[in-house]
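Colleague: Got a structure for you, start.cif, holding mmCIF, C-alpha atoms.
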```
data_run
#
loop_
_atom_site.label_atom_id
_atom_site.label_comp_id
_atom_site.auth_asym_id
_atom_site.auth_seq_id
_atom_site.Cartn_x
_atom_site.Cartn_y
_atom_site.Cartn_z
CA MET J 1 -4.83 -82.53 -14.13
CA ALA J 2 -4.21 -81.47 -10.54
CA THR J 3 -4.28 -83.93 -7.67
CA VAL J 4 -7.80 -85.27 -7.36
CA GLN J 5 -9.54 -84.82 -4.05
CA LEU J 6 -11.91 -87.65 -3.13
CA GLU J 7 -13.77 -87.66 0.17
CA VAL J 8 -15.58 -90.78 1.36
CA ILE J 9 -18.81 -89.50 2.94
CA SER J 10 -20.46 -92.77 3.94
CA ARG J 11 -19.57 -96.42 4.42
CA GLU J 12 -22.00 -99.17 5.34
CA LEU J 13 -23.17 -102.70 4.69
CA ILE J 14 -26.30 -103.16 2.61
CA LYS J 15 -28.29 -106.25 3.55
CA PRO J 16 -30.98 -107.98 1.47
CA SER J 17 -34.43 -106.45 1.95
CA SER J 18 -35.75 -109.83 3.06
CA GLN J 19 -33.96 -112.67 4.79
CA THR J 20 -32.81 -115.70 2.87
CA PRO J 21 -35.71 -118.18 3.01
CA HIS J 22 -35.43 -120.43 6.04
CA HIS J 23 -35.22 -123.64 4.03
CA LEU J 24 -32.20 -122.18 2.20
CA ARG J 25 -30.51 -120.98 5.38
CA LEU J 26 -30.43 -124.58 6.60
CA ARG J 27 -27.91 -125.45 3.94
CA ASP J 28 -25.01 -123.70 2.24
CA TYR J 29 -25.05 -122.50 -1.35
CA ASN J 30 -22.63 -124.80 -3.18
CA LEU J 31 -20.04 -123.28 -5.45
CA SER J 32 -19.98 -124.90 -8.88
CA TYR J 33 -16.91 -126.59 -10.31
CA PHE J 34 -16.07 -123.45 -12.30
CA ASP J 35 -16.60 -121.22 -9.25
CA GLN J 36 -14.13 -123.29 -7.27
CA LEU J 37 -11.53 -122.99 -10.03
CA SER J 38 -11.97 -119.23 -10.41
CA PRO J 39 -9.45 -116.85 -8.83
CA ARG J 40 -10.37 -114.88 -5.71
CA LYS J 41 -9.77 -111.51 -7.33
CA TYR J 42 -12.46 -108.89 -7.83
CA ILE J 43 -13.86 -108.16 -11.30
CA PRO J 44 -14.49 -104.39 -11.63
CA LEU J 45 -16.89 -102.27 -13.63
CA VAL J 46 -17.47 -98.51 -13.44
CA LEU J 47 -20.33 -96.69 -15.15
CA PHE J 48 -20.38 -92.93 -15.72
CA TYR J 49 -23.61 -90.92 -15.81
CA ASN J 50 -24.36 -87.38 -16.95
CA PRO J 51 -25.94 -84.99 -14.45
CA CYS J 52 -29.50 -86.04 -13.66
CA ASN J 53 -32.31 -84.26 -15.44
CA THR J 54 -34.44 -84.69 -12.32
CA THR J 55 -34.64 -82.53 -9.23
CA ALA J 56 -33.50 -85.37 -6.97
CA SER J 57 -30.85 -84.40 -4.45
CA THR J 58 -27.74 -86.45 -3.70
CA PHE J 59 -29.45 -87.61 -0.53
CA GLU J 60 -32.53 -88.81 -2.46
CA THR J 61 -30.33 -90.55 -5.03
CA SER J 62 -28.46 -92.29 -2.23
CA ILE J 63 -31.68 -93.52 -0.63
CA LEU J 64 -32.94 -94.81 -3.99
CA LEU J 65 -29.71 -96.68 -4.76
CA LYS J 66 -29.45 -98.31 -1.34
CA LYS J 67 -33.11 -99.33 -1.24
CA SER J 68 -33.05 -100.83 -4.73
CA LEU J 69 -29.71 -102.54 -4.05
CA SER J 70 -31.19 -104.13 -0.93
CA GLU J 71 -34.19 -105.34 -2.92
CA THR J 72 -31.94 -106.76 -5.65
CA LEU J 73 -29.81 -108.63 -3.11
CA ALA J 74 -32.94 -110.46 -1.93
CA PHE J 75 -32.88 -112.20 -5.33
CA TYR J 76 -29.08 -112.61 -5.38
CA TYR J 77 -28.96 -113.70 -1.73
CA PRO J 78 -25.64 -115.66 -1.98
CA PHE J 79 -23.88 -112.37 -2.84
CA ALA J 80 -24.64 -111.08 0.67
CA GLY J 81 -23.02 -114.12 2.31
CA LYS J 82 -19.49 -115.36 2.83
CA VAL J 83 -17.42 -118.08 1.16
CA LYS J 84 -16.15 -120.83 3.42
CA ASP J 85 -13.92 -123.86 2.82
CA GLN J 86 -13.61 -122.95 -0.90
CA GLU J 87 -16.77 -124.95 -1.52
CA PHE J 88 -19.78 -123.09 -0.15
CA ILE J 89 -21.32 -119.70 0.49
CA ASP J 90 -22.78 -119.25 3.92
CA CYS J 91 -26.00 -117.35 3.10
CA ASN J 92 -25.93 -115.34 6.32
CA ASP J 93 -27.32 -112.07 4.86
CA GLU J 94 -24.30 -110.23 6.23
CA GLY J 95 -24.52 -107.74 3.39
CA ILE J 96 -22.22 -106.05 0.88
CA LEU J 97 -19.93 -103.04 1.17
CA PHE J 98 -21.43 -99.72 -0.02
CA LEU J 99 -19.37 -96.51 -0.15
CA GLU J 100 -20.28 -93.00 -1.23
CA ALA J 101 -17.75 -90.31 -2.09
CA LYS J 102 -17.50 -86.76 -3.37
CA VAL J 103 -14.96 -86.00 -6.08
CA LYS J 104 -13.66 -82.47 -6.64
CA LEU J 105 -13.85 -82.77 -10.40
CA LYS J 106 -16.30 -82.40 -13.22
CA LEU J 107 -17.24 -85.55 -15.12
CA SER J 108 -16.00 -83.97 -18.35
CA GLU J 109 -12.52 -83.54 -16.85
CA ILE J 110 -12.26 -87.32 -16.41
CA LEU J 111 -13.75 -88.25 -19.77
CA GLU J 112 -11.70 -85.77 -21.81
CA ASN J 113 -8.55 -87.72 -20.97
CA PRO J 114 -9.24 -90.92 -19.00
CA LYS J 115 -6.33 -91.80 -16.72
CA HIS J 116 -5.99 -95.01 -14.74
CA GLU J 117 -4.77 -93.25 -11.62
CA ILE J 118 -8.04 -91.26 -11.58
CA LEU J 119 -10.30 -94.18 -12.48
CA ASP J 120 -8.76 -96.31 -9.74
CA LEU J 121 -10.03 -93.88 -7.09
CA LEU J 122 -13.60 -94.66 -8.09
CA PHE J 123 -13.52 -98.27 -6.84
CA ALA J 124 -14.27 -99.20 -3.23
CA ASP J 125 -11.12 -99.73 -1.14
CA ASN J 126 -9.01 -100.18 -4.29
CA LEU J 127 -10.38 -103.71 -4.67
CA GLN J 128 -10.40 -103.78 -8.48
CA TRP J 129 -8.50 -106.77 -9.88
CA ASN J 130 -6.98 -107.46 -6.46
CA ASP J 131 -6.94 -110.75 -4.63
CA THR J 132 -9.07 -110.80 -1.53
CA ASN J 133 -9.76 -112.66 1.67
CA LEU J 134 -13.42 -112.69 0.59
CA SER J 135 -14.54 -110.54 3.52
CA THR J 136 -17.12 -109.09 1.14
CA LEU J 137 -18.22 -110.72 -2.10
CA LEU J 138 -19.46 -107.48 -3.62
CA ALA J 139 -18.41 -103.86 -3.11
CA VAL J 140 -20.08 -100.76 -4.54
CA GLN J 141 -18.89 -97.16 -4.63
CA VAL J 142 -21.00 -94.22 -5.80
CA SER J 143 -18.92 -91.12 -6.59
CA TYR J 144 -20.60 -87.74 -7.01
CA PHE J 145 -18.89 -85.12 -9.19
CA ASP J 146 -19.06 -81.33 -8.81
CA CYS J 147 -21.10 -81.02 -12.00
CA GLY J 148 -23.89 -83.30 -10.76
CA GLY J 149 -22.70 -86.32 -12.73
CA MET J 150 -21.75 -89.54 -11.03
CA ALA J 151 -19.80 -92.77 -11.32
CA LEU J 152 -21.11 -96.07 -10.03
CA SER J 153 -18.60 -98.87 -9.60
CA VAL J 154 -18.99 -102.52 -8.71
CA CYS J 155 -16.28 -104.97 -7.66
CA MET J 156 -17.49 -108.57 -7.61
CA SER J 157 -15.53 -111.55 -6.37
CA HIS J 158 -14.77 -113.88 -9.26
CA LYS J 159 -15.65 -116.74 -6.89
CA ILE J 160 -19.38 -115.99 -7.27
CA GLY J 161 -19.61 -115.17 -10.93
CA ASP J 162 -18.11 -114.10 -14.23
CA ALA J 163 -18.44 -110.81 -16.12
CA ALA J 164 -21.81 -111.85 -17.56
CA THR J 165 -23.13 -112.41 -14.03
CA MET J 166 -21.87 -109.01 -12.88
CA VAL J 167 -23.46 -107.17 -15.81
CA ASN J 168 -26.77 -108.94 -15.25
CA PHE J 169 -26.66 -108.00 -11.56
CA VAL J 170 -26.04 -104.32 -12.35
CA ASN J 171 -28.86 -104.27 -14.90
CA ASP J 172 -31.26 -105.95 -12.46
CA TRP J 173 -30.31 -103.39 -9.81
CA ALA J 174 -30.95 -100.60 -12.32
CA ALA J 175 -34.34 -102.10 -13.17
CA LYS J 176 -35.30 -102.05 -9.49
CA ALA J 177 -34.09 -98.47 -9.06
CA SER J 178 -35.92 -97.15 -12.12
CA ASN J 179 -39.05 -99.21 -11.43
CA SER J 180 -38.93 -100.32 -15.06
CA GLY J 181 -41.20 -103.30 -14.51
CA LYS J 182 -38.52 -105.74 -15.69
CA GLN J 183 -38.71 -109.04 -13.84
CA VAL J 184 -35.61 -109.73 -11.77
CA SER J 185 -35.10 -113.47 -11.91
CA PRO J 186 -31.49 -114.66 -11.62
CA LEU J 187 -31.11 -118.42 -11.99
CA LEU J 188 -29.11 -119.86 -9.10
CA TYR J 189 -28.95 -123.43 -10.38
CA THR J 190 -25.40 -123.44 -11.73
CA PRO J 191 -23.93 -125.67 -8.97
CA SER J 192 -26.40 -128.43 -9.85
CA ILE J 193 -25.50 -128.20 -13.55
CA PHE J 194 -21.74 -128.03 -13.02
CA PRO J 195 -21.01 -129.99 -9.83
CA ARG J 196 -17.49 -130.95 -8.89
CA GLY J 197 -18.55 -134.48 -8.18
CA ASP J 198 -15.67 -136.63 -6.95
CA LEU J 199 -13.00 -134.47 -8.56
CA PRO J 200 -10.54 -133.15 -5.95
CA LEU J 201 -10.40 -129.49 -5.03
CA MET J 202 -7.64 -128.05 -7.15
CA PRO J 203 -5.18 -125.31 -6.19
CA GLN J 204 -4.82 -122.19 -8.31
CA PRO J 205 -3.63 -123.41 -11.74
CA GLU J 206 0.10 -123.36 -12.31
CA TYR J 207 -0.36 -121.11 -15.32
CA SER J 208 -1.93 -118.34 -13.22
CA ILE J 209 -0.82 -114.87 -14.20
CA LYS J 210 1.75 -113.35 -11.88
CA LYS J 211 2.02 -109.64 -11.19
CA GLU J 212 5.00 -107.93 -12.73
CA ASN J 213 6.02 -104.37 -13.58
CA CYS J 214 3.25 -103.81 -16.07
CA ALA J 215 1.57 -101.03 -18.00
CA SER J 216 -2.06 -100.90 -19.05
CA ARG J 217 -3.40 -99.04 -22.07
CA ARG J 218 -6.80 -98.55 -23.71
CA PHE J 219 -7.18 -98.85 -27.49
CA VAL J 220 -10.40 -98.12 -29.38
CA PHE J 221 -11.34 -99.68 -32.72
CA ASP J 222 -14.23 -97.99 -34.53
CA ALA J 223 -16.62 -99.75 -36.90
CA GLN J 224 -14.79 -98.55 -40.02
CA LYS J 225 -11.43 -99.90 -38.87
CA ILE J 226 -12.97 -103.21 -37.82
CA ALA J 227 -14.54 -103.53 -41.28
CA ALA J 228 -11.11 -102.93 -42.79
CA LEU J 229 -9.62 -105.71 -40.65
CA LYS J 230 -12.36 -108.08 -41.72
CA ALA J 231 -11.70 -107.20 -45.36
CA ILE J 232 -8.02 -108.14 -44.98
CA VAL J 233 -8.87 -111.72 -43.97
CA ALA J 234 -12.09 -112.15 -45.98
CA ASP J 235 -10.46 -113.99 -48.89
CA LYS J 236 -9.13 -116.75 -46.60
CA VAL J 237 -11.41 -116.75 -43.53
CA GLN J 238 -15.19 -116.73 -43.83
CA LYS J 239 -17.40 -114.73 -41.47
CA ALA J 240 -14.66 -113.46 -39.20
CA THR J 241 -16.17 -111.70 -36.18
CA LYS J 242 -15.07 -108.33 -34.84
CA VAL J 243 -13.73 -110.02 -31.69
CA GLU J 244 -11.66 -112.44 -33.77
CA VAL J 245 -10.03 -109.82 -36.00
CA VAL J 246 -9.33 -107.39 -33.14
CA SER J 247 -7.95 -110.04 -30.77
CA ALA J 248 -5.83 -111.50 -33.60
CA LEU J 249 -4.31 -108.10 -34.36
CA LEU J 250 -3.59 -107.46 -30.68
CA PHE J 251 -1.99 -110.90 -30.33
CA LYS J 252 0.11 -110.34 -33.44
CA CYS J 253 1.35 -106.96 -32.24
CA ALA J 254 1.99 -108.28 -28.72
CA ILE J 255 4.22 -111.03 -30.15
CA SER J 256 6.11 -108.44 -32.21
CA ALA J 257 6.55 -106.22 -29.16
CA ALA J 258 7.83 -109.11 -27.03
CA ASN J 259 10.33 -110.09 -29.75
CA ALA J 260 11.51 -106.49 -30.09
CA SER J 261 12.05 -106.06 -26.35
CA SER J 262 14.02 -109.32 -26.16
CA SER J 263 16.41 -108.42 -29.00
CA GLY J 264 14.55 -110.55 -31.51
CA THR J 265 14.56 -113.73 -29.42
CA THR J 266 11.47 -115.80 -30.25
CA ARG J 267 9.77 -117.69 -27.41
CA PRO J 268 6.98 -120.30 -27.48
CA THR J 269 3.66 -118.48 -27.14
CA LEU J 270 0.17 -119.52 -26.11
CA PHE J 271 -2.97 -117.44 -26.52
CA LEU J 272 -5.85 -118.30 -24.14
CA GLN J 273 -9.25 -117.05 -25.27
CA ASN J 274 -12.14 -116.93 -22.79
CA VAL J 275 -15.52 -118.20 -23.98
CA ASN J 276 -18.99 -117.82 -22.47
CA LEU J 277 -20.32 -121.38 -22.26
CA ARG J 278 -23.96 -120.29 -21.87
CA THR J 279 -24.39 -119.64 -25.57
CA ARG J 280 -22.24 -122.58 -26.70
CA MET J 281 -24.04 -125.41 -24.95
CA ILE J 282 -26.82 -127.43 -26.60
CA PRO J 283 -29.40 -126.36 -25.71
CA PRO J 284 -28.02 -122.95 -24.71
CA LEU J 285 -28.35 -121.80 -21.12
CA PRO J 286 -30.27 -118.58 -20.40
CA GLU J 287 -28.02 -115.55 -19.97
CA ASN J 288 -29.37 -114.96 -16.44
CA TYR J 289 -27.67 -118.07 -15.05
CA VAL J 290 -25.56 -116.88 -12.11
CA GLY J 291 -21.99 -118.04 -11.57
CA ASN J 292 -18.85 -118.76 -13.55
CA ILE J 293 -20.04 -120.35 -16.76
CA SER J 294 -17.02 -119.60 -18.90
CA TRP J 295 -13.69 -121.19 -19.65
CA VAL J 296 -10.63 -120.75 -21.84
CA PHE J 297 -9.44 -122.54 -24.94
CA PRO J 298 -5.79 -122.45 -26.07
CA VAL J 299 -4.56 -121.11 -29.40
CA PRO J 300 -0.89 -122.11 -29.79
CA LYS J 301 1.22 -119.78 -31.96
CA ARG J 302 2.47 -121.21 -35.21
CA GLU J 303 5.30 -119.85 -37.35
CA ASP J 304 2.88 -117.94 -39.56
CA ILE J 305 1.50 -115.02 -37.55
CA SER J 306 -0.23 -113.26 -40.42
CA LEU J 307 -3.61 -111.83 -39.48
CA HIS J 308 -5.66 -114.30 -41.53
CA CYS J 309 -3.69 -117.24 -40.13
CA LEU J 310 -4.27 -116.14 -36.52
CA VAL J 311 -7.98 -115.58 -37.12
CA GLY J 312 -8.24 -119.01 -38.75
CA GLN J 313 -6.46 -120.64 -35.81
CA MET J 314 -8.84 -118.96 -33.36
CA LYS J 315 -11.89 -120.19 -35.27
CA GLU J 316 -10.47 -123.69 -35.46
CA ALA J 317 -9.52 -123.79 -31.76
CA LEU J 318 -12.96 -122.53 -30.67
CA SER J 319 -14.75 -125.07 -32.85
CA ASP J 320 -12.59 -127.93 -31.55
CA PHE J 321 -13.10 -126.86 -27.94
CA CYS J 322 -16.88 -126.56 -28.24
CA ASN J 323 -17.32 -129.78 -30.21
CA THR J 324 -15.06 -131.77 -27.89
CA TYR J 325 -15.89 -130.43 -24.45
CA VAL J 326 -19.01 -128.29 -24.40
CA LYS J 327 -21.84 -129.10 -26.76
CA ASN J 328 -22.79 -132.61 -25.78
CA VAL J 329 -21.76 -132.93 -22.14
CA ARG J 330 -23.24 -131.86 -18.80
CA GLY J 331 -22.64 -132.15 -15.08
CA THR J 332 -19.61 -134.00 -13.77
CA GLU J 333 -18.80 -135.18 -17.30
CA LEU J 334 -18.19 -131.57 -18.34
CA ALA J 335 -16.15 -130.94 -15.18
CA LEU J 336 -14.00 -133.95 -16.02
CA SER J 337 -13.55 -132.69 -19.60
CA ILE J 338 -12.48 -129.27 -18.39
CA SER J 339 -10.07 -130.92 -15.97
CA LYS J 340 -8.47 -132.67 -18.95
CA THR J 341 -8.01 -129.36 -20.79
CA MET J 342 -6.25 -128.00 -17.72
CA GLU J 343 -3.86 -130.94 -17.75
CA LYS J 344 -3.10 -130.27 -21.42
CA MET J 345 -2.33 -126.61 -20.71
CA ARG J 346 -0.10 -127.59 -17.80
CA ALA J 347 1.75 -129.96 -20.11
CA MET J 348 2.27 -127.15 -22.62
CA PHE J 349 3.87 -124.99 -19.94
CA LYS J 350 5.97 -127.76 -18.46
CA SER J 351 7.36 -128.61 -21.90
CA SER J 352 8.80 -125.11 -22.12
CA LYS J 353 9.32 -122.96 -19.04
CA ARG J 354 10.00 -120.06 -21.41
CA CYS J 355 6.49 -120.21 -22.83
CA VAL J 356 4.72 -116.82 -22.89
CA GLN J 357 0.99 -116.78 -22.17
CA TYR J 358 -1.57 -114.16 -23.23
CA ASN J 359 -5.10 -114.17 -21.83
CA CYS J 360 -7.96 -112.58 -23.76
CA SER J 361 -11.48 -112.14 -22.38
CA SER J 362 -14.27 -110.67 -24.48
CA TRP J 363 -17.10 -108.83 -22.74
CA CYS J 364 -18.56 -107.86 -26.09
CA ARG J 365 -22.33 -108.30 -26.45
CA PHE J 366 -22.77 -107.95 -22.69
CA PRO J 367 -25.34 -105.14 -22.21
CA VAL J 368 -23.08 -102.88 -20.13
CA TYR J 369 -24.66 -99.73 -21.57
CA GLU J 370 -28.23 -100.70 -20.66
CA ALA J 371 -28.05 -99.92 -16.93
CA ASP J 372 -30.53 -97.05 -16.50
CA PHE J 373 -31.17 -96.27 -12.83
CA GLY J 374 -33.73 -93.62 -13.72
CA TRP J 375 -31.45 -90.86 -15.01
CA GLY J 376 -30.43 -92.25 -18.39
CA LYS J 377 -27.95 -94.79 -19.65
CA PRO J 378 -24.22 -94.49 -18.94
CA VAL J 379 -22.12 -92.24 -21.17
CA TRP J 380 -19.09 -94.48 -20.69
CA VAL J 381 -18.23 -97.80 -19.05
CA SER J 382 -14.73 -98.89 -18.05
CA ILE J 383 -12.90 -101.50 -16.00
CA GLY J 384 -9.92 -99.59 -14.62
CA ALA J 385 -6.32 -100.72 -14.96
CA CYS J 386 -5.68 -104.45 -14.78
CA LEU J 387 -2.05 -104.97 -13.80
CA ASP J 388 -1.85 -108.69 -14.47
CA LYS J 389 0.72 -109.44 -17.13
CA ASN J 390 -0.36 -110.16 -20.72
CA VAL J 391 -4.09 -109.63 -20.28
CA ILE J 392 -6.47 -108.33 -22.96
CA ILE J 393 -10.10 -107.44 -22.20
CA LEU J 394 -12.48 -106.42 -24.95
CA MET J 395 -15.72 -104.47 -24.52
CA ASP J 396 -18.22 -103.00 -26.94
CA SER J 397 -17.98 -99.27 -27.46
CA LYS J 398 -21.08 -97.26 -26.57
CA SER J 399 -22.22 -97.30 -30.21
CA GLY J 400 -22.15 -101.11 -30.13
CA ASP J 401 -20.25 -101.51 -33.41
CA GLY J 402 -16.77 -100.69 -32.12
CA ILE J 403 -14.47 -102.28 -29.53
CA GLU J 404 -12.55 -100.87 -26.58
CA ALA J 405 -9.52 -103.01 -25.80
CA PHE J 406 -7.81 -102.82 -22.41
CA VAL J 407 -4.31 -104.27 -22.80
CA THR J 408 -1.76 -104.97 -20.04
CA LEU J 409 1.80 -105.96 -20.86
CA GLU J 410 5.19 -105.79 -19.21
CA GLU J 411 6.44 -102.21 -19.35
CA GLN J 412 9.23 -102.95 -21.82
CA ASP J 413 6.80 -104.77 -24.13
CA MET J 414 4.19 -102.01 -23.88
CA ALA J 415 6.78 -99.41 -24.91
CA ALA J 416 7.04 -101.16 -28.28
CA PHE J 417 3.38 -102.24 -28.47
CA GLU J 418 1.82 -98.77 -28.10
CA CYS J 419 4.01 -97.44 -30.93
CA ASP J 420 3.31 -100.32 -33.33
CA GLU J 421 2.41 -98.74 -36.66
CA GLU J 422 0.23 -101.66 -37.74
CA LEU J 423 -1.79 -101.44 -34.53
CA LEU J 424 -2.16 -97.66 -34.68
CA ALA J 425 -3.38 -97.90 -38.27
CA PHE J 426 -6.55 -99.52 -36.88
CA ALA J 427 -6.82 -98.36 -33.26
CA ALA J 428 -6.80 -95.04 -31.41
CA LEU J 429 -4.81 -94.86 -28.18
CA ASN J 430 -7.03 -93.72 -25.28
CA PRO J 431 -9.34 -91.31 -27.14
CA THR J 432 -11.96 -89.37 -25.22
CA PRO J 433 -15.26 -91.25 -24.83
CA LEU J 434 -17.11 -87.92 -24.88
CA THR J 435 -19.68 -87.75 -27.66
CA SER J 436 -21.43 -84.65 -26.39
CA GLN J 437 -20.83 -81.86 -23.94
CA VAL J 438 -21.02 -83.11 -20.35
#
```
Rewrite the coordinates I just gave you, this time as structure tokens.
Modeller:
Amino acid sequence: MATVQLEVISRELIKPSSQTPHHLRLRDYNLSYFDQLSPRKYIPLVLFYNPCNTTASTFETSILLKKSLSETLAFYYPFAGKVKDQEFIDCNDEGILFLEAKVKLKLSEILENPKHEILDLLFADNLQWNDTNLSTLLAVQVSYFDCGGMALSVCMSHKIGDAATMVNFVNDWAAKASNSGKQVSPLLYTPSIFPRGDLPLMPQPEYSIKKENCASRRFVFDAQKIAALKAIVADKVQKATKVEVVSALLFKCAISAANASSSGTTRPTLFLQNVNLRTRMIPPLPENYVGNISWVFPVPKREDISLHCLVGQMKEALSDFCNTYVKNVRGTELALSISKTMEKMRAMFKSSKRCVQYNCSSWCRFPVYEADFGWGKPVWVSIGACLDKNVIILMDSKSGDGIEAFVTLEEQDMAAFECDEELLAFAALNPTPLTSQV
């Protein structure tokens, strides 16, 4: 593919359609305990849409998107503010960054062979996965292709929410744009449920991922291959989920790749699995709770790294985490419990400075393919290239029964990982997401 020409045609701040209510402007919006612990980097999402079947011009589409975004921000008013002192959002209605661009490509040219260097152009100011000074908590870029198709990307500061929050925001925005009649009602009560209390503000955890020379690849597991993975472990592990079998296989192959690139030297390894706490609490929290309501639980590697053993360990670790820290606690008690898990993870790393950490976050079951702005649902959704070492992010495929895995490893490890015969027996390396002619 020739060098891609992208021209930014507009850049502005979009403010909420109505001011933050006066009684809320008199106080700051507190960040919850989990918000304060979250990194300052931006979480990205880009949605691709086929050419509109309507007669709307680019100008009319632009007006619709900006108007509906402004209306949506009136409900998500903290997003249009600014973080201060690591503890609060000043709800000053300053607005969010909104860019529009023209891309000298057809949508099909991108989807036939998705490349990270092309996808990265579709995010505002290259903010995806980057740390930030929090000058804007949310940044949007709308990219128009020569064929009439478009890409809509969102970069959201992790300080104000997790992936579930971002997906809900995009779907609420789409509902406003399409006039679907869906009620937009984000719940902004997370700080009162998860206050920091008297716990001290903590610096970025010592086990934070550090940027290295890394490579990122996309692997796709279809429903048939996932069923085959489940069948392999079925005799020893009951009701294994698709996330468990896929993440276990990726972990297993990542360990093998790391051993191969280090001449067979085995190092202590820790697998950190992210979990959405909304569905794990008793009673569960509604999915439209805004903020960071997720955490990680550790899965230490044992000598046996067979697939069924890894899946069993993940099930056991999740059950222990939920039963010990999540199900029966609330408020500052939960914050204190999470603080204790952090101390345990620090101890694991201090006991062996050679310990290798892998982080896995599942976005599966998040309705990323439901965002219809009035011209149909997206034909593909992606996250761009995450260049943080040893990170795995899982998303549902468009069909809903497969998984797209975005894997980032050190370059020398990836060279072995992407050629792993066991992995490639179940996953396709960066196949086209096209299911019909675009």
Colleague: For the structure shown, which residues end up in the PyMOL selection byres ((chain J and resi 111-128) around 6)? Put them as a list in words, please?
Modeller: Tyr42, Pro44, Ser108, Glu109, Ile110, Trp129, Asn130, Gln141, Ser153, Gly384, Ala385 and Thr432 of chain J
Colleague: Quick one: distance from CA of Lys301 (chain J) to CA of Ala254 (chain J) in Å, one decimal?
Modeller: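 Separation between CA of Lys301 (chain J) and CA of Ala254 (chain J): 12.0 Å.
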Colleague: Closest to Lys252 (chain J) among J:Tyr144, J:Phe88, J:Phe321, J:Phe417, using only C-alpha atoms?
Modeller: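 Going through J:Tyr144, J:Phe88, J:Phe321, J:Phe417 one by one, the smallest distance to Lys252 (chain J) is for J:Phe417.
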Colleague: Here's the selection I'm unsure about, the PyMOL selection byres ((chain J and resi 62) around 12); applied to the file above, which residues does it give, as a list in words?
Modeller: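 So the PyMOL selection byres ((chain J and resi 62) around 12), applied here, picks out Ile9, Ser10, Arg11, Ala56, Ser57, Thr58, Phe59, Glu60, Thr61, Ile63, Leu64, Leu65, Lys66, Lys67, Ser68, Leu69, Phe98, Leu99, Glu100, Ala101, Gln141, Val142, Ser143, Tyr144, Met150, Leu152, Ala177 and Phe373 of chain J.
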Colleague: Which residues come within 10 Å of Ser185 (chain J), counting only C-alpha atoms, excluding same-chain residues fewer than 3 positions away, as a list in words?
Modeller: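 Residues meeting the cut-off are Thr72, Phe75, Tyr76, Asp172, Lys182, Leu188, Asn288 and Tyr289 of chain J.
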Colleague: Would you export the selected residues with C-alpha atoms as a PDB file, in the coordinates of the input, please?
Modeller:
```
ATOM      1  CA  THR J  72     -31.940-106.760  -5.650  1.00  0.00           C
ATOM      2  CA  PHE J  75     -32.880-112.200  -5.330  1.00  0.00           C
ATOM      3  CA  TYR J  76     -29.080-112.610  -5.380  1.00  0.00           C
ATOM      4  CA  ASP J 172     -31.260-105.950 -12.460  1.00  0.00           C
ATOM      5  CA  LYS J 182     -38.520-105.740 -15.690  1.00  0.00           C
ATOM      6  CA  LEU J 188     -29.110-119.860  -9.100  1.00  0.00           C
ATOM      7  CA  ASN J 288     -29.370-114.960 -16.440  1.00  0.00           C
ATOM      8  CA  TYR J 289     -27.670-118.070 -15.050  1.00  0.00           C
TER       9      TYR J 289
END
```
Colleague: Pick out the closest residue to Cys52 (chain J) from this set: J:Lys377, J:Lys236, J:Lys176, J:Lys225. Count all atoms listed in the file.
Modeller: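 Between J:Lys377, J:Lys236, J:Lys176, J:Lys225, the residue approaching Cys52 (chain J) most closely is J:Lys377.
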Colleague: Determine the residue set returned by the PyMOL selection byres ((chain J and resi 294) around 8) for the present structure, and present it as a list in words.
Modeller: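 This file gives the following for the PyMOL selection byres ((chain J and resi 294) around 8): Phe34, Asp162, Asn274, Val275, Asn276, Leu277, Arg278, Asn292, Ile293, Trp295 and Val296 of chain J.
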Colleague: Using all atoms listed in the file, which of J:Gln86, J:Gln5, J:Ser70, J:Thr165 sits nearest Thr190 (chain J)?
Modeller: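 Result for the nearest residue to Thr190 (chain J): J:Thr165.
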Colleague: Restricting the calculation to all atoms listed in the file, which member of J:Tyr77, J:Trp173, J:Tyr33, J:Phe297 is positioned closest to Asp372 (chain J)?
Modeller: J:Trp173
Colleague: Determine the nearest neighbour of Ser38 (chain J) from the options J:Asn171, J:Ser157, J:Thr324, J:Asn430, counting all atoms listed in the file.
Modeller: J:Ser157
Colleague: Counting only C-alpha atoms, figure out which residue out of J:Glu7, J:Gly161, J:Phe194, J:Ser256 gets nearest to Lys104 (chain J).
Modeller: J:Glu7
Colleague: Would you work out the distance separating CA of Val243 (chain J) from CA of Ser361 (chain J), expressed in Å to one decimal?
Modeller: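 For CA of Val243 (chain J) relative to CA of Ser361 (chain J), the distance reads 9.8 Å.
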Colleague: For CA of Phe79 (chain J) and CA of Pro195 (chain J), quote the distance in Å rounded to one decimal.
Modeller: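 We find that CA of Phe79 (chain J) and CA of Pro195 (chain J) lie 19.2 Å from each other.
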Colleague: Using all atoms listed in the file, which residues sit within 9 Å of Ile393 (chain J) once same-chain residues fewer than 2 positions away are excluded, as number ranges by chain?
Modeller: J: 359-363, 391, 395, 404-408
